[in-house]
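So the structure is just underneath, and the comments pick up after that.
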Amino acid sequence: MKIYNIFIVSAIVTLLASCNKSTENQEQTKVPVKDTSAPIVVEVPGYSVDSAEKASGELPVATNPLFDQFAHIAAGLTLPDTAKMASICAKPEWKKFAQKFDSSWNQIEKDRLSAMRSWKDTELKDINANPKHLLYAFSGPDFLNAFTFFPTAPNFTMIALEPVGQVKDLSKLKDAELAKYVNSVDESLIDIFEKSYFITRKMLQHLQRDKADGTLPLLCVFLAKTGNKILDIKSIKLDSLGKETESDWDFKARRSAVRIYFAHPNNPKLKRSLTYFKADMEDKALSKNKPLLAYLNNLGEVNSYLKSASYLLHYKDFSVIRNILLNQSLNILQDDTGIAYHFYDKKKWNFTLYGKYTKPVEDFAGVDQKDLRKLYDDSLKVKKMPFSLGYHWSSKTQNLMVARKK
C-alpha cells in the first residue's frame with residue numbers, strides 16, 4: 001500500500017450565512033478561498049499514485065472545504081488540525097466508529113475490491129482506455145462498485161428511488177448526536193459490505209432525516225474512501241429539454257437531484273462529476289418525467305453498469321429506460337438482474353461471459369432466463385469471476401456479462 005496526499009483548503013465558508021434573514025433561501029455569497037492547510041493523508045488500498053502521476057499536478061482547490069471534510073469524517077478518515085471539523089477526530093464516539101469502519105473496509109478490500117480491480121485491469125481494459133460517461137440505473141448510493149470498475153470515467157450519472165438527502169456540519173453536533181449519526185452511516189453500509197449491494201427497503205429506513213439522511217452522505221463516503229477529493233456540491237434542476245441549471249447547495253432545502261464535483265490524484269487536472277437523480281424509472285412515471293428523459297437522451301454515447309437491479313429491466317413496465325440503455329450504450333457491464341438477454345439484438349452486440357448462471361434467488365421467482373442459461377452451458381469461453389458480487393453472495397455462484405456494441 002502507498003500513501004498519497006489530498007490537499008484541502010482551510011479557509012471556511014460559512015454554512016448557512018445570509019445577508020438577510022427574511023430571504024433564507026437566498027444563494028450564499030461566495031468567499032474566495034486559498035489552500036493553506038496541511039494535507040489530508042489518506043491510506044487507500046489499491047488507489048495509490050506513483051511519482052509520475054503525483055508530478056502531473058496538485059488537486060484543484062475546493063470551492064467549499066466543508067464538503068470534503070464531511071466526507072472524511074463520515075468515512076472514518078482523520079483530518080489535519082487546521083480543518084474546521086478536526087476536533088471530531090479526538091472524540092471517543094468518532095474514534096470507535098472509525099476503527100470499526102476501517103476494519104469493515106479492510107475486509108471488503110481483501111475479499112472483493114482488490115480482485116475486482118485486477119479483473120477490471122484485464123477484462124475492461126479496452127473500455128477504460130476510452131473513457132465515456134457512465135450511466136448507472138437502479139444504483140442506490142453505490143458509487144463504490146461503479147468507480148472500482150470504471151475509474152477513468154469523467155462523469156457518472158446514477159438514478160434510483162432513494163432520496164438525495166443532506167450533508168451537515170458535524171462539528172456542531174453534540175457527542176450523543178455525533179455517535180447516532182456515524183452509527184447510522186455504519187448501519188446503512190452493512191449490506192453493501194457483506195453482500196455487495198444495497199437493499200431498497202432497508203435504505204428507505206436507514207436514510208431517514210434523523211439518521212444518515214439520504215444517498216448524498218454515502219456518496220461522499222465512497223468518494224473519500226476511493227481517494228477522491230470533493231471539490232463542490234451543487235443543486236441540479238432540469239428544464240423540459242433536459243438542460244441543466246446548477247445552483248449553490250442549500251443546506252436546508254430538500255432536492256431531487258445533486259451533482260458532486262471531484263478529482264482524483266490519478267488525473268488531478270480532470271474535474272469530474274457525479275450526478276444523482278431520485279426518480280422512478282417505471283414506464284408510467286419515467287414517460288411523464290420529460291426533463292429527465294430529455295437529459296438521458298442528450299447524454300450521447302455512454303457506458304452502462306447494472307447490478308442487483310431486482311430484474312426490473314426484464315419486465316415490460318421498464319421498457320423506456322431499457323431502450324435508452326440499449327440505444328445509447330457502447331458497452332454494458334451487468335449481471336443477470338439487468339437487461340434480460342433476449343432483449344439484446346444479437347446482430348448488434350458481442351458478449352463475454354463470466355462466472356456461472358444459476359437460478360435467481362427465491363425473492364425473484366419467474367425470471368429464470370433459459371436462453372442465457374443455454375448460452376452459458378454451450379459456450380466454451382465462459383471466464384472465471386474471481387470475486388463475489390450480487391444476489392448469490394452466500395453461495396458465490398454469480399455471473400457477469402460484458403456486452404460490447406459491434
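Residue numbers start at 1 in each chain; chains themselves are named A, B, ... in the order of the C-alpha cells; ligands are numbered from 1 in the order shown.
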
_Among segment 163-318 of chain A, which residues does DSSP mark as strand (DSSP E or B) when it is run on the backbone? Keep the chain and numbering as in the structure and answer as a ChimeraX atom specification._
/A:229-238,244-248,257-263,272-278,302-306

_Near-Ile321 of chain A list (9 Å; only C-alpha atoms; drop same-chain fewer than 5 positions) as a PyMOL selection string_ = chain A and resi 137+281-283+286+293+313+326

*Measuring atom to atom with only C-alpha atoms, identify which of A:Ser240, A:Lys84, A:Tyr315, A:Pro60 is nearest to Lys288 of chain A.*
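Under the stated criterion, the closest residue is A:Ser240.
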
_Set the distance at 9 Å and use only C-alpha atoms: which residues neighbour Met116 of chain A once local chain neighbours fewer than 2 positions away are removed? I'd like the list as a PyMOL selection string._
chain A and resi 112-114+118-121+145+148-149+386-387

_List as a PyMOL selection string the protein and nucleic acid residues near segment 166-183 of chain A, meaning an atom at most 7 Å away when only C-alpha atoms are counted, but skip any in the same chain fewer than 6 places from it._
chain A and resi 70+74+85+88+93-94+97+211-214+216-217+251

Dump N, CA and C atoms for the selected residues as a PDB file, in the first residue's frame?
ATOM      1  N   PHE A  70     -16.516  16.831   5.583  1.00  0.00           N
ATOM      2  CA  PHE A  70     -17.653  15.979   5.951  1.00  0.00           C
ATOM      3  C   PHE A  70     -17.429  14.554   5.464  1.00  0.00           C
ATOM      4  N   ALA A  74     -17.267  11.256   7.881  1.00  0.00           N
ATOM      5  CA  ALA A  74     -18.283  10.213   7.707  1.00  0.00           C
ATOM      6  C   ALA A  74     -17.674   8.904   7.233  1.00  0.00           C
ATOM      7  N   MET A  85     -13.447  20.667  11.115  1.00  0.00           N
ATOM      8  CA  MET A  85     -14.020  19.510  11.787  1.00  0.00           C
ATOM      9  C   MET A  85     -12.973  18.639  12.476  1.00  0.00           C
ATOM     10  N   ILE A  88     -13.396  16.705  15.867  1.00  0.00           N
ATOM     11  CA  ILE A  88     -14.211  15.489  15.939  1.00  0.00           C
ATOM     12  C   ILE A  88     -13.334  14.247  16.056  1.00  0.00           C
ATOM     13  N   GLU A  93     -16.401   8.810  20.589  1.00  0.00           N
ATOM     14  CA  GLU A  93     -17.502   8.280  19.788  1.00  0.00           C
ATOM     15  C   GLU A  93     -17.076   8.098  18.335  1.00  0.00           C
ATOM     16  N   TRP A  94     -16.346   9.089  17.831  1.00  0.00           N
ATOM     17  CA  TRP A  94     -15.902   9.013  16.436  1.00  0.00           C
ATOM     18  C   TRP A  94     -14.776   7.996  16.287  1.00  0.00           C
ATOM     19  N   PHE A  97     -16.191   4.543  16.002  1.00  0.00           N
ATOM     20  CA  PHE A  97     -16.775   4.356  14.678  1.00  0.00           C
ATOM     21  C   PHE A  97     -15.695   4.170  13.625  1.00  0.00           C
ATOM     22  N   LYS A 211     -31.285  10.186  10.555  1.00  0.00           N
ATOM     23  CA  LYS A 211     -30.183   9.225  10.511  1.00  0.00           C
ATOM     24  C   LYS A 211     -29.131   9.705   9.510  1.00  0.00           C
ATOM     25  N   ALA A 212     -28.708   8.824   8.609  1.00  0.00           N
ATOM     26  CA  ALA A 212     -27.683   9.223   7.636  1.00  0.00           C
ATOM     27  C   ALA A 212     -28.203  10.241   6.634  1.00  0.00           C
ATOM     28  N   ASP A 213     -29.511  10.348   6.500  1.00  0.00           N
ATOM     29  CA  ASP A 213     -30.162  11.386   5.710  1.00  0.00           C
ATOM     30  C   ASP A 213     -29.830  11.323   4.220  1.00  0.00           C
ATOM     31  N   GLY A 214     -30.314  10.272   3.562  1.00  0.00           N
ATOM     32  CA  GLY A 214     -30.254  10.222   2.115  1.00  0.00           C
ATOM     33  C   GLY A 214     -29.001   9.585   1.540  1.00  0.00           C
ATOM     34  N   LEU A 216     -26.781  11.169  -0.410  1.00  0.00           N
ATOM     35  CA  LEU A 216     -25.653  12.093  -0.522  1.00  0.00           C
ATOM     36  C   LEU A 216     -24.535  11.798   0.479  1.00  0.00           C
ATOM     37  N   PRO A 217     -24.820  11.589   1.765  1.00  0.00           N
ATOM     38  CA  PRO A 217     -23.736  11.260   2.691  1.00  0.00           C
ATOM     39  C   PRO A 217     -22.964  10.008   2.296  1.00  0.00           C
ATOM     40  N   PHE A 251     -28.274  24.159   2.325  1.00  0.00           N
ATOM     41  CA  PHE A 251     -28.172  23.208   3.425  1.00  0.00           C
ATOM     42  C   PHE A 251     -29.487  22.981   4.166  1.00  0.00           C
TER      43      PHE A 251
END

*Give the helix (DSSP H, G or I) residues of segment 249-355 of chain A, as assigned by DSSP on the backbone, as a VMD selection string.*
chain A and resid 283 to 286 290 to 297 312 to 314 316 to 328 341 to 343

Please write the residues from the selection above to a file, keeping N, CA and C atoms, as a CSV table (one decimal), in the first residue's frame.
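What follows is the written file out_35.csv:
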chain,number,residue,atom,x,y,z
A,283,ASP,N,-42.2,2.8,-16.4
A,283,ASP,CA,-42.6,3.5,-17.6
A,283,ASP,C,-43.6,4.6,-17.3
A,284,LYS,N,-44.6,4.3,-16.5
A,284,LYS,CA,-45.7,5.2,-16.3
A,284,LYS,C,-45.2,6.5,-15.6
A,285,ALA,N,-44.1,6.4,-14.8
A,285,ALA,CA,-43.5,7.5,-14.2
A,285,ALA,C,-42.5,8.2,-15.1
A,286,LEU,N,-41.6,7.4,-15.6
A,286,LEU,CA,-40.5,8.0,-16.4
A,286,LEU,C,-41.0,8.6,-17.7
A,290,LYS,N,-40.5,14.4,-18.4
A,290,LYS,CA,-39.9,14.9,-19.6
A,290,LYS,C,-38.5,15.4,-19.4
A,291,PRO,N,-38.2,16.2,-18.3
A,291,PRO,CA,-36.9,16.7,-18.1
A,291,PRO,C,-35.8,15.6,-18.0
A,292,LEU,N,-36.1,14.6,-17.2
A,292,LEU,CA,-35.1,13.5,-17.0
A,292,LEU,C,-34.9,12.7,-18.3
A,293,LEU,N,-36.0,12.4,-19.0
A,293,LEU,CA,-36.0,11.7,-20.3
A,293,LEU,C,-35.1,12.5,-21.3
A,294,ALA,N,-35.3,13.8,-21.4
A,294,ALA,CA,-34.5,14.6,-22.3
A,294,ALA,C,-33.0,14.6,-21.9
A,295,TYR,N,-32.8,14.7,-20.6
A,295,TYR,CA,-31.4,14.7,-20.1
A,295,TYR,C,-30.7,13.4,-20.5
A,296,LEU,N,-31.4,12.2,-20.3
A,296,LEU,CA,-30.8,10.9,-20.6
A,296,LEU,C,-30.6,10.8,-22.1
A,297,ASN,N,-31.5,11.2,-22.9
A,297,ASN,CA,-31.3,11.2,-24.4
A,297,ASN,C,-30.3,12.1,-24.9
A,312,LEU,N,-35.8,-5.8,-12.7
A,312,LEU,CA,-36.8,-4.9,-13.2
A,312,LEU,C,-36.8,-4.7,-14.7
A,313,LEU,N,-35.6,-4.7,-15.3
A,313,LEU,CA,-35.4,-4.5,-16.7
A,313,LEU,C,-35.9,-5.7,-17.5
A,314,HIS,N,-36.3,-6.7,-16.9
A,314,HIS,CA,-36.9,-7.9,-17.6
A,314,HIS,C,-38.3,-7.6,-18.0
A,316,LYS,N,-42.0,-5.6,-19.0
A,316,LYS,CA,-42.5,-4.6,-20.0
A,316,LYS,C,-42.7,-3.2,-19.4
A,317,ASP,N,-42.9,-3.2,-18.1
A,317,ASP,CA,-43.1,-1.9,-17.4
A,317,ASP,C,-41.9,-1.0,-17.3
A,318,PHE,N,-40.7,-1.5,-17.7
A,318,PHE,CA,-39.5,-0.8,-17.7
A,318,PHE,C,-38.8,-0.7,-19.1
A,319,SER,N,-39.7,-0.6,-20.1
A,319,SER,CA,-39.2,-0.6,-21.5
A,319,SER,C,-38.5,0.7,-21.8
A,320,VAL,N,-38.9,1.8,-21.2
A,320,VAL,CA,-38.4,3.1,-21.6
A,320,VAL,C,-36.9,3.2,-21.2
A,321,ILE,N,-36.6,3.0,-19.9
A,321,ILE,CA,-35.2,3.0,-19.5
A,321,ILE,C,-34.4,1.9,-20.2
A,322,ARG,N,-35.0,0.8,-20.4
A,322,ARG,CA,-34.3,-0.3,-21.1
A,322,ARG,C,-33.8,0.1,-22.5
A,323,ASN,N,-34.7,0.7,-23.2
A,323,ASN,CA,-34.4,1.2,-24.6
A,323,ASN,C,-33.3,2.3,-24.6
A,324,ILE,N,-33.4,3.1,-23.6
A,324,ILE,CA,-32.3,4.2,-23.5
A,324,ILE,C,-31.0,3.5,-23.3
A,325,LEU,N,-30.9,2.5,-22.4
A,325,LEU,CA,-29.7,1.9,-22.2
A,325,LEU,C,-29.1,1.1,-23.4
A,326,LEU,N,-30.0,0.4,-24.1
A,326,LEU,CA,-29.6,-0.3,-25.3
A,326,LEU,C,-29.2,0.6,-26.4
A,327,ASN,N,-29.9,1.7,-26.6
A,327,ASN,CA,-29.7,2.6,-27.7
A,327,ASN,C,-28.4,3.4,-27.5
A,328,GLN,N,-28.1,3.8,-26.3
A,328,GLN,CA,-27.0,4.8,-26.1
A,328,GLN,C,-25.8,4.2,-25.6
A,341,TYR,N,-31.4,-11.2,-21.4
A,341,TYR,CA,-30.6,-11.5,-22.6
A,341,TYR,C,-31.4,-11.4,-23.9
A,342,HIS,N,-32.7,-11.8,-23.9
A,342,HIS,CA,-33.4,-11.8,-25.1
A,342,HIS,C,-33.8,-10.5,-25.7
A,343,PHE,N,-33.5,-9.4,-24.9
A,343,PHE,CA,-33.8,-8.0,-25.4
A,343,PHE,C,-32.6,-7.5,-26.2

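You can rank A:Asp377, A:Glu362, A:Asp280, A:Asp191 by their closest distance to Leu161 of chain A using only C-alpha atoms, and at the top of that list sits A:Asp280.
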
*Tell me which protein, DNA and RNA residues are within 10 Å of segment 100-105 of chain A, counting only C-alpha atoms, leaving out same-chain ones fewer than 2 positions away, and put them as JSON, numbers by chain.*
{"A": [44, 45, 74, 75, 76, 77, 94, 95, 96, 97, 98, 107, 108, 109, 110, 111, 113, 182, 183, 185, 186, 189, 190, 193, 194, 225]}

Saved selection, atoms kept: C-alpha atoms, as a PDB file, in the first residue's frame:
ATOM      1  CA  VAL A  44      -6.467   3.861   0.447  1.00  0.00           C
ATOM      2  CA  PRO A  45      -5.518   0.321  -0.589  1.00  0.00           C
ATOM      3  CA  ALA A  74     -18.283  10.213   7.707  1.00  0.00           C
ATOM      4  CA  ALA A  75     -15.784   7.757   6.178  1.00  0.00           C
ATOM      5  CA  GLY A  76     -13.733   7.423   9.353  1.00  0.00           C
ATOM      6  CA  LEU A  77     -10.739   9.309   7.941  1.00  0.00           C
ATOM      7  CA  TRP A  94     -15.902   9.013  16.436  1.00  0.00           C
ATOM      8  CA  LYS A  95     -12.742   7.003  17.163  1.00  0.00           C
ATOM      9  CA  LYS A  96     -14.855   3.923  17.923  1.00  0.00           C
ATOM     10  CA  PHE A  97     -16.775   4.356  14.678  1.00  0.00           C
ATOM     11  CA  ALA A  98     -13.612   4.981  12.641  1.00  0.00           C
ATOM     12  CA  GLN A 107     -12.235  -6.805   4.911  1.00  0.00           C
ATOM     13  CA  ILE A 108     -14.034  -5.939   1.659  1.00  0.00           C
ATOM     14  CA  GLU A 109     -10.729  -4.736   0.238  1.00  0.00           C
ATOM     15  CA  LYS A 110      -9.285  -8.174   0.946  1.00  0.00           C
ATOM     16  CA  ASP A 111     -12.353 -10.192  -0.063  1.00  0.00           C
ATOM     17  CA  LEU A 113     -12.240  -4.870  -4.140  1.00  0.00           C
ATOM     18  CA  VAL A 182     -21.918   7.965  12.423  1.00  0.00           C
ATOM     19  CA  ASN A 183     -23.579   4.790  13.700  1.00  0.00           C
ATOM     20  CA  VAL A 185     -23.807   5.621   8.432  1.00  0.00           C
ATOM     21  CA  ASP A 186     -22.244   2.372   9.589  1.00  0.00           C
ATOM     22  CA  LEU A 189     -23.446   0.199   4.760  1.00  0.00           C
ATOM     23  CA  ILE A 190     -23.768  -3.247   6.341  1.00  0.00           C
ATOM     24  CA  PHE A 193     -20.111  -4.518   2.783  1.00  0.00           C
ATOM     25  CA  GLU A 194     -21.425  -8.027   3.414  1.00  0.00           C
ATOM     26  CA  LYS A 225     -12.680   6.111   0.580  1.00  0.00           C
TER      27      LYS A 225
END

*Shell of 8 Å around Ala71 of chain A, only C-alpha atoms, local chain residues under 3 positions omitted, as a VMD selection string*: chain A and resid 67 to 68 74 to 75 217 220 to 221 223 to 224 230

*Which residues come within 8 Å of Gln334 of chain A, counting only C-alpha atoms, excluding same-chain residues fewer than 4 positions away, as a PyMOL selection string?*
chain A and resi 305-307+338-339+400-402
